[in-house]
$ cat work.tsv   # TSV, C-alpha atoms and all ligand atoms
chain	number	residue	atom	x	y	z
A	1217	MET	CA	-99.83	228.53	-56.76
A	1218	SER	CA	-102.84	227.39	-54.71
A	1219	PRO	CA	-102.44	224.03	-52.95
A	1220	PRO	CA	-104.05	221.03	-54.69
A	1221	ALA	CA	-107.70	220.61	-53.73
A	1222	ALA	CA	-108.14	217.97	-51.04
A	1223	THR	CA	-109.62	214.70	-52.25
A	1224	PHE	CA	-111.14	211.86	-50.27
A	1225	GLU	CA	-107.95	209.89	-50.23
A	1226	ASN	CA	-105.50	212.77	-50.53
A	1227	PRO	CA	-106.40	215.26	-47.85
A	1228	ILE	CA	-104.67	218.58	-47.85
A	1229	ALA	CA	-101.13	218.06	-46.58
A	1230	VAL	CA	-101.06	218.33	-42.85
A	1231	ARG	CA	-100.25	221.85	-41.79
A	1232	GLU	CA	-97.79	222.32	-38.98
A	1233	VAL	CA	-99.72	224.18	-36.33
A	1234	ASN	CA	-97.74	227.15	-35.04
A	1235	LEU	CA	-99.86	228.77	-32.38
A	1236	PRO	CA	-99.10	232.39	-31.37
A	1237	VAL	CA	-97.06	232.49	-28.16
A	1238	LYS	CA	-98.89	234.85	-25.80
A	1239	LYS	CA	-96.78	237.53	-24.07
A	1240	ASN	CA	-96.36	237.20	-20.29
A	1241	LEU	CA	-99.57	238.42	-18.66
A	1242	GLY	CA	-98.40	240.95	-16.03
A	1243	VAL	CA	-95.52	238.76	-14.96
A	1244	LYS	CA	-92.14	240.41	-14.82
A	1245	PRO	CA	-89.40	238.23	-16.26
A	1246	ALA	CA	-86.84	236.95	-13.75
A	1247	ALA	CA	-84.54	239.77	-12.64
A	1248	ASN	CA	-81.33	238.42	-14.04
A	1249	GLY	CA	-82.83	236.06	-16.66
A	1250	GLN	CA	-79.61	234.08	-16.41
A	1251	THR	CA	-79.75	230.29	-16.13
A	1252	LYS	CA	-77.95	229.39	-12.92
A	1253	THR	CA	-75.82	226.28	-12.54
A	1254	LEU	CA	-76.59	223.79	-9.76
A	1255	THR	CA	-73.31	224.75	-8.12
A	1256	GLU	CA	-74.38	228.41	-7.98
A	1257	MET	CA	-77.56	227.30	-6.20
A	1258	GLU	CA	-75.85	225.18	-3.57
A	1259	ASP	CA	-75.09	227.01	-0.28
A	1260	ASN	CA	-77.16	229.90	-1.53
A	1261	TRP	CA	-80.68	228.70	-0.78
A	1262	GLU	CA	-81.61	231.77	1.32
A	1263	SER	CA	-81.74	233.93	-1.81
A	1264	PHE	CA	-83.07	231.11	-3.98
A	1265	THR	CA	-86.30	231.74	-5.91
A	1266	PHE	CA	-87.94	230.33	-9.01
A	1267	SER	CA	-88.73	232.55	-12.00
A	1268	PRO	CA	-92.25	234.03	-11.72
A	1269	ILE	CA	-95.24	232.14	-13.23
A	1270	ARG	CA	-98.98	232.42	-13.60
A	1271	GLU	CA	-100.94	229.15	-13.34
A	1272	SER	CA	-102.60	229.82	-16.67
A	1273	GLN	CA	-99.19	229.81	-18.34
A	1274	VAL	CA	-98.60	226.23	-17.20
A	1275	SER	CA	-101.99	225.09	-18.46
A	1276	ARG	CA	-101.52	226.84	-21.77
A	1277	ALA	CA	-98.02	225.38	-22.18
A	1278	MET	CA	-99.49	221.90	-21.88
A	1279	THR	CA	-102.84	222.19	-23.64
A	1280	ARG	CA	-101.51	224.31	-26.51
A	1281	ARG	CA	-99.04	221.59	-27.40
A	1282	TYR	CA	-101.44	218.67	-26.78
A	1283	PHE	CA	-104.13	220.01	-29.08
A	1284	ALA	CA	-101.63	221.19	-31.67
A	1285	ASP	CA	-100.28	217.63	-31.73
A	1286	LEU	CA	-103.79	216.19	-32.09
A	1287	ASP	CA	-104.29	218.51	-35.06
A	1288	ASN	CA	-100.90	217.73	-36.55
A	1289	TYR	CA	-101.09	213.95	-36.18
A	1290	ALA	CA	-104.71	213.73	-37.38
A	1291	GLU	CA	-103.00	212.73	-40.64
A	1292	SER	CA	-100.12	210.40	-39.78
A	1293	ASP	CA	-97.95	208.19	-41.96
A	1294	ILE	CA	-97.96	205.33	-39.44
A	1295	VAL	CA	-99.95	204.70	-36.26
A	1296	ILE	CA	-98.55	202.26	-33.69
A	1297	VAL	CA	-101.18	200.95	-31.26
A	1298	GLY	CA	-99.67	199.98	-27.91
A	1299	ALA	CA	-96.49	201.34	-26.33
A	1300	GLY	CA	-95.27	198.09	-24.84
A	1301	SER	CA	-91.82	196.65	-25.55
A	1302	CYS	CA	-92.78	195.63	-29.09
A	1303	GLY	CA	-94.54	198.88	-29.99
A	1304	LEU	CA	-91.72	201.00	-28.61
A	1305	SER	CA	-89.09	198.87	-30.39
A	1306	THR	CA	-91.03	199.29	-33.63
A	1307	ALA	CA	-91.22	203.05	-33.15
A	1308	TYR	CA	-87.50	203.28	-32.37
A	1309	GLU	CA	-86.54	201.37	-35.51
A	1310	LEU	CA	-88.91	203.35	-37.74
A	1311	ALA	CA	-87.98	206.79	-36.43
A	1312	LYS	CA	-84.25	205.98	-36.55
A	1313	LYS	CA	-84.47	204.89	-40.20
A	1314	ARG	CA	-87.11	207.31	-41.48
A	1315	PRO	CA	-87.11	210.74	-39.85
A	1316	ASP	CA	-89.44	211.86	-42.65
A	1317	LEU	CA	-92.30	209.66	-41.44
A	1318	LYS	CA	-94.87	211.09	-39.03
A	1319	ILE	CA	-95.54	208.41	-36.42
A	1320	ALA	CA	-98.30	208.50	-33.79
A	1321	ILE	CA	-98.17	206.02	-30.90
A	1322	ILE	CA	-101.48	205.42	-29.12
A	1323	GLU	CA	-101.20	203.96	-25.61
A	1324	ALA	CA	-104.22	203.16	-23.46
A	1325	GLY	CA	-102.28	203.30	-20.20
A	1326	VAL	CA	-101.34	206.59	-18.59
A	1327	ALA	CA	-97.86	205.07	-18.31
A	1328	PRO	CA	-96.34	203.51	-21.45
A	1329	GLY	CA	-94.22	200.34	-21.26
A	1330	GLY	CA	-96.85	197.60	-21.16
A	1331	GLY	CA	-95.81	194.29	-19.64
A	1332	ALA	CA	-92.13	195.21	-19.70
A	1333	TRP	CA	-92.91	198.12	-17.35
A	1334	LEU	CA	-95.38	196.15	-15.20
A	1335	GLY	CA	-94.74	192.40	-14.84
A	1336	GLY	CA	-91.28	192.76	-16.33
A	1337	GLN	CA	-90.15	194.62	-13.21
A	1338	LEU	CA	-91.41	192.14	-10.61
A	1339	PHE	CA	-88.19	190.15	-10.44
A	1340	SER	CA	-86.56	193.31	-11.69
A	1341	ALA	CA	-83.83	191.94	-14.00
A	1342	MET	CA	-84.73	191.44	-17.69
A	1343	VAL	CA	-83.61	188.44	-19.75
A	1344	MET	CA	-83.12	188.53	-23.50
A	1345	ARG	CA	-81.96	185.49	-25.44
A	1346	LYS	CA	-79.26	185.98	-28.05
A	1347	PRO	CA	-79.19	187.42	-30.71
A	1348	ALA	CA	-81.51	190.08	-29.22
A	1349	GLU	CA	-78.52	191.65	-27.47
A	1350	ALA	CA	-77.87	193.36	-30.82
A	1351	PHE	CA	-80.90	195.56	-30.05
A	1352	LEU	CA	-79.53	196.38	-26.60
A	1353	ASN	CA	-76.17	197.28	-28.15
A	1354	ASP	CA	-77.93	199.61	-30.60
A	1355	LEU	CA	-79.80	201.24	-27.70
A	1356	GLY	CA	-76.71	201.41	-25.51
A	1357	VAL	CA	-78.27	199.37	-22.69
A	1358	PRO	CA	-75.61	197.52	-20.63
A	1359	TYR	CA	-76.11	193.84	-19.77
A	1360	GLU	CA	-74.35	190.79	-18.31
A	1361	ASP	CA	-73.53	188.06	-20.78
A	1362	GLU	CA	-74.59	184.59	-19.65
A	1363	GLY	CA	-73.73	182.67	-22.81
A	1364	ASP	CA	-76.98	181.97	-24.67
A	1365	PHE	CA	-78.73	184.94	-23.09
A	1366	VAL	CA	-77.99	188.32	-21.56
A	1367	VAL	CA	-79.41	189.99	-18.45
A	1368	VAL	CA	-80.21	193.68	-18.06
A	1369	LYS	CA	-79.85	194.46	-14.36
A	1370	HIS	CA	-83.31	196.07	-14.15
A	1371	ALA	CA	-86.17	195.86	-16.66
A	1372	ALA	CA	-86.82	199.57	-16.10
A	1373	LEU	CA	-83.34	200.31	-17.46
A	1374	PHE	CA	-84.34	198.75	-20.78
A	1375	THR	CA	-87.82	200.25	-21.00
A	1376	SER	CA	-86.86	203.73	-19.80
A	1377	THR	CA	-83.88	203.89	-22.16
A	1378	LEU	CA	-86.00	202.75	-25.11
A	1379	LEU	CA	-88.79	205.15	-24.15
A	1380	SER	CA	-86.44	208.11	-23.77
A	1381	LYS	CA	-84.93	207.46	-27.20
A	1382	VAL	CA	-88.37	207.08	-28.81
A	1383	LEU	CA	-89.70	210.28	-27.21
A	1384	SER	CA	-86.60	212.20	-28.33
A	1385	PHE	CA	-87.40	211.70	-32.02
A	1386	PRO	CA	-89.07	214.84	-33.46
A	1387	ASN	CA	-91.28	212.79	-35.80
A	1388	ILE	CA	-92.93	210.74	-33.05
A	1389	LYS	CA	-95.83	211.70	-30.79
A	1390	LEU	CA	-96.99	209.47	-27.95
A	1391	PHE	CA	-100.67	209.88	-27.10
A	1392	ASN	CA	-100.84	208.02	-23.78
A	1393	ALA	CA	-104.00	207.53	-21.67
A	1394	THR	CA	-105.64	207.18	-25.09
A	1395	ALA	CA	-107.33	204.03	-26.33
A	1396	VAL	CA	-107.85	202.88	-29.89
A	1397	GLU	CA	-111.52	201.89	-29.79
A	1398	ASP	CA	-111.98	201.13	-33.46
A	1399	LEU	CA	-110.22	200.87	-36.81
A	1400	ILE	CA	-110.91	203.11	-39.82
A	1401	THR	CA	-111.51	200.98	-42.93
A	1402	ARG	CA	-111.90	201.43	-46.66
A	1403	PRO	CA	-113.41	198.88	-49.09
A	1404	ASN	CA	-110.69	196.73	-50.60
A	1405	PRO	CA	-112.54	193.87	-52.34
A	1406	THR	CA	-110.41	190.93	-53.51
A	1407	ALA	CA	-111.18	188.01	-55.79
A	1408	SER	CA	-111.60	185.75	-52.77
A	1409	ASP	CA	-113.41	188.25	-50.54
A	1410	PRO	CA	-115.67	190.97	-51.96
A	1411	ASN	CA	-116.10	192.31	-48.41
A	1412	ALA	CA	-112.38	192.71	-47.71
A	1413	VAL	CA	-111.25	196.06	-46.36
A	1414	ARG	CA	-107.98	197.82	-45.90
A	1415	ILE	CA	-107.13	199.65	-42.69
A	1416	ALA	CA	-106.88	203.43	-43.07
A	1417	GLY	CA	-106.41	204.70	-39.53
A	1418	VAL	CA	-107.72	204.44	-35.99
A	1419	VAL	CA	-110.53	205.75	-33.84
A	1420	THR	CA	-109.38	206.94	-30.42
A	1421	ASN	CA	-110.77	208.26	-27.21
A	1422	TRP	CA	-109.33	209.06	-23.83
A	1423	THR	CA	-109.08	205.67	-22.13
A	1424	LEU	CA	-111.28	206.73	-19.22
A	1425	VAL	CA	-113.95	207.73	-21.73
A	1426	SER	CA	-113.60	204.43	-23.62
A	1427	MET	CA	-114.09	202.53	-20.37
A	1428	HIS	CA	-117.42	204.20	-19.73
A	1429	HIS	CA	-119.23	203.65	-23.01
A	1430	ASP	CA	-121.69	201.40	-21.19
A	1431	ASP	CA	-122.72	203.87	-18.53
A	1432	GLN	CA	-122.71	207.13	-20.50
A	1433	SER	CA	-124.37	208.19	-23.71
A	1434	CYS	CA	-122.36	207.54	-26.85
A	1435	MET	CA	-119.17	209.56	-26.69
A	1436	ASP	CA	-117.84	210.84	-29.94
A	1437	PRO	CA	-114.36	209.63	-30.73
A	1438	ASN	CA	-111.33	211.25	-32.27
A	1439	THR	CA	-109.89	209.87	-35.51
A	1440	ILE	CA	-106.42	209.57	-36.99
A	1441	ASN	CA	-106.03	208.77	-40.67
A	1442	ALA	CA	-102.97	206.74	-41.65
A	1443	PRO	CA	-102.28	204.38	-44.56
A	1444	LEU	CA	-100.55	201.95	-42.20
A	1445	VAL	CA	-101.33	200.82	-38.65
A	1446	ILE	CA	-99.04	198.59	-36.59
A	1447	SER	CA	-100.88	196.89	-33.74
A	1448	THR	CA	-98.91	195.65	-30.74
A	1449	THR	CA	-101.56	195.57	-28.05
A	1450	GLY	CA	-100.38	192.47	-26.25
A	1451	HIS	CA	-102.18	189.27	-25.35
A	1452	ASP	CA	-104.26	190.23	-22.31
A	1453	GLY	CA	-105.34	193.15	-20.17
A	1454	PRO	CA	-108.48	195.30	-20.42
A	1455	PHE	CA	-107.75	196.22	-24.04
A	1456	GLY	CA	-105.41	193.36	-25.03
A	1457	ALA	CA	-105.25	191.97	-28.55
A	1458	PHE	CA	-107.54	194.81	-29.57
A	1459	SER	CA	-107.03	194.95	-33.34
A	1460	VAL	CA	-107.18	191.20	-34.02
A	1461	LYS	CA	-110.36	190.90	-31.94
A	1462	ARG	CA	-111.85	193.77	-33.97
A	1463	LEU	CA	-110.81	192.08	-37.24
A	1464	VAL	CA	-112.78	189.01	-36.17
A	1465	SER	CA	-115.84	191.04	-35.22
A	1466	MET	CA	-115.74	192.81	-38.61
A	1467	GLN	CA	-115.33	189.45	-40.40
A	1468	GLN	CA	-111.83	190.21	-41.69
A	1469	LEU	CA	-110.38	187.30	-39.71
A	1470	GLU	CA	-112.30	184.05	-39.28
A	1471	LYS	CA	-111.45	183.50	-35.60
A	1472	LEU	CA	-108.77	184.06	-33.01
A	1473	GLY	CA	-106.03	181.44	-32.80
A	1474	GLY	CA	-105.90	181.29	-29.01
A	1475	MET	CA	-102.54	181.76	-27.34
A	1476	ARG	CA	-100.93	178.44	-26.42
A	1477	GLY	CA	-99.15	177.50	-23.17
A	1478	LEU	CA	-95.75	178.77	-22.12
A	1479	ASP	CA	-92.88	177.41	-24.26
A	1480	MET	CA	-90.04	179.92	-24.58
A	1481	ARG	CA	-88.17	178.16	-27.35
A	1482	THR	CA	-91.24	177.77	-29.58
A	1483	ALA	CA	-92.86	181.11	-28.75
A	1484	GLU	CA	-90.03	183.54	-29.38
A	1485	ASP	CA	-89.03	182.24	-32.83
A	1486	ALA	CA	-92.70	182.09	-33.89
A	1487	ILE	CA	-93.55	185.65	-32.81
A	1488	VAL	CA	-90.56	187.17	-34.60
A	1489	LYS	CA	-90.95	185.10	-37.78
A	1490	ARG	CA	-94.73	185.65	-38.02
A	1491	THR	CA	-94.71	189.44	-37.46
A	1492	ARG	CA	-96.47	190.56	-40.64
A	1493	GLU	CA	-99.25	192.47	-42.37
A	1494	VAL	CA	-102.30	190.49	-41.28
A	1495	VAL	CA	-104.76	192.46	-43.41
A	1496	LYS	CA	-104.03	195.25	-45.89
A	1497	GLY	CA	-102.80	198.25	-43.93
A	1498	LEU	CA	-102.46	196.44	-40.58
A	1499	ILE	CA	-99.26	194.86	-39.31
A	1500	VAL	CA	-99.47	192.86	-36.06
A	1501	GLY	CA	-96.46	192.28	-33.83
A	1502	GLY	CA	-95.53	191.24	-30.31
A	1503	MET	CA	-97.79	189.15	-28.15
A	1504	GLU	CA	-100.96	190.29	-29.97
A	1505	LEU	CA	-99.80	187.90	-32.69
A	1506	SER	CA	-100.22	184.93	-30.34
A	1507	GLU	CA	-103.96	185.63	-30.48
A	1508	VAL	CA	-103.96	185.58	-34.29
A	1509	ASP	CA	-102.41	182.19	-35.01
A	1510	GLY	CA	-102.08	180.57	-31.62
A	1511	ALA	CA	-98.40	181.06	-30.88
A	1512	ASN	CA	-97.19	179.95	-27.49
A	1513	ARG	CA	-96.42	182.48	-24.80
A	1514	MET	CA	-92.83	182.86	-23.67
A	1515	GLY	CA	-93.16	184.28	-20.17
A	1516	PRO	CA	-90.44	186.56	-18.74
A	1517	THR	CA	-88.07	186.85	-21.68
A	1518	PHE	CA	-88.23	189.89	-23.96
A	1519	GLY	CA	-85.93	189.28	-26.93
A	1520	ALA	CA	-88.85	188.39	-29.18
A	1521	MET	CA	-90.60	191.66	-28.35
A	1522	ALA	CA	-87.60	193.71	-29.37
A	1523	LEU	CA	-86.93	191.75	-32.57
A	1524	SER	CA	-90.63	191.56	-33.47
A	1525	GLY	CA	-90.48	195.34	-33.34
A	1526	VAL	CA	-87.46	195.34	-35.64
A	1527	LYS	CA	-89.32	193.03	-38.05
A	1528	ALA	CA	-92.53	195.08	-37.86
A	1529	ALA	CA	-90.57	198.21	-38.77
A	1530	GLU	CA	-88.95	196.40	-41.68
A	1531	GLU	CA	-92.37	195.22	-42.93
A	1532	ALA	CA	-93.72	198.75	-42.56
A	1533	LEU	CA	-90.90	200.28	-44.60
A	1534	ARG	CA	-91.40	197.65	-47.30
A	1535	ILE	CA	-95.08	198.63	-47.49
A	1536	VAL	CA	-94.51	202.39	-47.23
A	1537	ASP	CA	-91.94	202.24	-50.05
A	1538	GLU	CA	-94.09	200.02	-52.31
B	1601	LIG	O1	-96.38	194.62	-23.22
B	1601	LIG	P1	-97.65	194.53	-23.98
B	1601	LIG	O2	-98.80	193.85	-23.37
B	1601	LIG	O3	-97.42	193.85	-25.41
B	1601	LIG	P2	-96.08	193.56	-26.20
B	1601	LIG	O4	-96.44	192.64	-27.30
B	1601	LIG	O5	-95.38	194.83	-26.52
B	1601	LIG	O6	-95.14	192.78	-25.14
B	1601	LIG	C1	-95.62	191.60	-24.57
B	1601	LIG	C2	-94.75	191.31	-23.36
B	1601	LIG	O7	-94.93	192.31	-22.37
B	1601	LIG	C3	-95.17	190.03	-22.76
B	1601	LIG	O8	-96.37	189.78	-22.63
B	1601	LIG	C4	-94.11	189.14	-22.20
B	1601	LIG	C5	-93.04	188.83	-23.21
B	1601	LIG	N1	-94.75	187.95	-21.67
B	1601	LIG	C6	-95.26	187.05	-22.41
B	1601	LIG	C7	-96.06	186.01	-21.69
B	1601	LIG	O9	-95.85	184.81	-21.94
B	1601	LIG	O10	-96.86	186.40	-20.83
B	1601	LIG	O11	-98.07	196.03	-24.38
B	1601	LIG	C8	-99.28	196.28	-25.05
B	1601	LIG	C9	-99.65	197.73	-24.81
B	1601	LIG	C10	-100.07	197.99	-23.35
B	1601	LIG	O12	-99.32	199.06	-22.84
B	1601	LIG	C11	-101.55	198.32	-23.43
B	1601	LIG	O13	-101.95	199.31	-22.51
B	1601	LIG	C12	-101.66	198.83	-24.86
B	1601	LIG	O14	-100.76	198.05	-25.61
B	1601	LIG	N2	-102.98	198.65	-25.46
B	1601	LIG	C13	-103.64	199.63	-26.12
B	1601	LIG	N3	-103.32	200.91	-26.37
B	1601	LIG	C14	-104.21	201.65	-27.07
B	1601	LIG	N4	-105.40	201.17	-27.52
B	1601	LIG	C15	-105.75	199.90	-27.29
B	1601	LIG	N5	-106.90	199.43	-27.74
B	1601	LIG	C16	-104.84	199.06	-26.57
B	1601	LIG	N6	-104.85	197.76	-26.17
B	1601	LIG	C17	-103.73	197.53	-25.49
$ encode --input "work.tsv" --output "structure tokens"
Amino acid sequence: MSPPAATFENPIAVREVNLPVKKNLGVKPAANGQTKTLTEMEDNWESFTFSPIRESQVSRAMTRRYFADLDNYAESDIVIVGAGSCGLSTAYELAKKRPDLKIAIIEAGVAPGGGAWLGGQLFSAMVMRKPAEAFLNDLGVPYEDEGDFVVVKHAALFTSTLLSKVLSFPNIKLFNATAVEDLITRPNPTASDPNAVRIAGVVTNWTLVSMHHDDQSCMDPNTINAPLVISTTGHDGPFGAFSVKRLVSMQQLEKLGGMRGLDMRTAEDAIVKRTREVVKGLIVGGMELSEVDGANRMGPTFGAMALSGVKAAEEALRIVDE
């Protein structure tokens, strides 16, 4: 039976792209082909040698997968913008609960992790106020209990553990060094706003390309269609608060709320409680929210980022299952 014809809103189901694996080009396979153990290598370095390789094989191994992923995730179920602590926590929760969902994470930095990987490592330990230790327990990240809060001995232990778990899920693809430079929209008029839209995906480009729009001719973007986008692009930085700023410029939000001063106790509750679908098809979480409705910042404590991610995932599953 032939597949249903694609329609505007129901594109042909995404095909898994299985590219032919080229045979070795004139490279003899390793003599013994056996995988050695580290112990067998020790004290035997004189005869040590790597298996043979051609440089083109390395390039093909990388580019074949990268472009197959771009093809495969061109239709995603959920796109998460920003691989900081909130975005990664959201991805972890979603992938853990719904292995059937195809999730693309778009991260402008070459290195994911956001503020938890950058500023979060300056004084190296990471603080999370209770009850966020429940997230650390779920991840298996050890911590010291200090009563009302817990301390992970190094912020990198949290972020690297979270990142390794997220990247291990087969239904997640991280496109790093890639910036979301616009949102895909569809008309979604409401009684109160005939110009309302719903978000239907993202427009992306390599970050270095996005940063040179002003000194090069227009550079065509790449697009990813998805019925739900979760934006966690943080409150500052070259691309910070991207989606909410774009909503203002496309008149879907009246104005930005302006992040307030540092007040841990007010900020963390507000960010978690207010994580929500800001416009149809777009959930905002983490510190990007502080730019929507003027929440305070909380400084060097990360419990709200983790639990905002948990809440964003819960909101997403409510919407996906509607
Ligand atoms: O870490 P951030 O900036 O954002 P969150 O919300 O995950 O975590 C915020 C947290 O680090 C804090 O700011 C702490 C709690 N301090 C608060 C305070 O008081 O100062 O991660 C956002 C990520 C970054 O990695 C950006 O590179 C990325 O989003 N990003 C984008 N990626 C793709 N396309 C874009 N347009 C874009 N904009 C930002």
$ atom_distance --input "work.tsv" --atom1 "CA of Lys1489 in chain A" --atom2 "CA of Ser1524 in chain A"
7.8 Å
$ residues_near_ligand --input "work.tsv" --ligand "ligand LIG 1601 (chain B)" --cutoff "6 Å" --atoms "only C-alpha atoms and all ligand atoms" --output "ChimeraX atom specification"
/A:1297-1303,1322-1325,1328-1332,1395-1397,1448-1450,1455-1456,1458,1502-1504,1513-1518,1521
$ residues_around --input "work.tsv" --residues "range 1492-1498 of chain A" --least-positions-apart "6" --cutoff "9 Å" --atoms "only C-alpha atoms" --output "list in words"
Asn1404, Ala1412, Val1413, Arg1414, Ile1415, Ala1416, Gly1417, Ala1442, Pro1443, Leu1444, Val1445, Ile1446, Ser1447, Ser1459, Val1460, Leu1463, Gln1468, Leu1469, Val1508, Lys1527, Ala1528, Glu1531, Ala1532 and Ile1535 of chain A
$ residues_near_point --input "work.tsv" --point "(-77.3, 180.5, -25.1)" --cutoff "12 Å" --atoms "all atoms listed in the file" --output "PyMOL selection string"
chain A and resi 1343-1349+1361-1367+1481
$ atom_distance --input "work.tsv" --atom1 "CA of Glu1484 in chain A" --atom2 "CA of Gly1510 in chain A"
12.6 Å
$ closest_residue --input "work.tsv" --among "A:Pro1358, A:Pro1405, A:Pro1386, A:Gly1336" --to "Ala1371 in chain A" --atoms "only C-alpha atoms"
A:Gly1336
$ residues_around --input "work.tsv" --residues "Val1526 in chain A" --least-positions-apart "3" --cutoff "12 Å" --atoms "all atoms listed in the file" --output "JSON, numbers by chain"
{"A": [1301, 1302, 1303, 1304, 1305, 1306, 1307, 1308, 1309, 1310, 1311, 1312, 1313, 1348, 1350, 1351, 1354, 1487, 1488, 1489, 1491, 1492, 1501, 1502, 1519, 1520, 1521, 1522, 1523, 1529, 1530, 1531, 1532, 1533]}
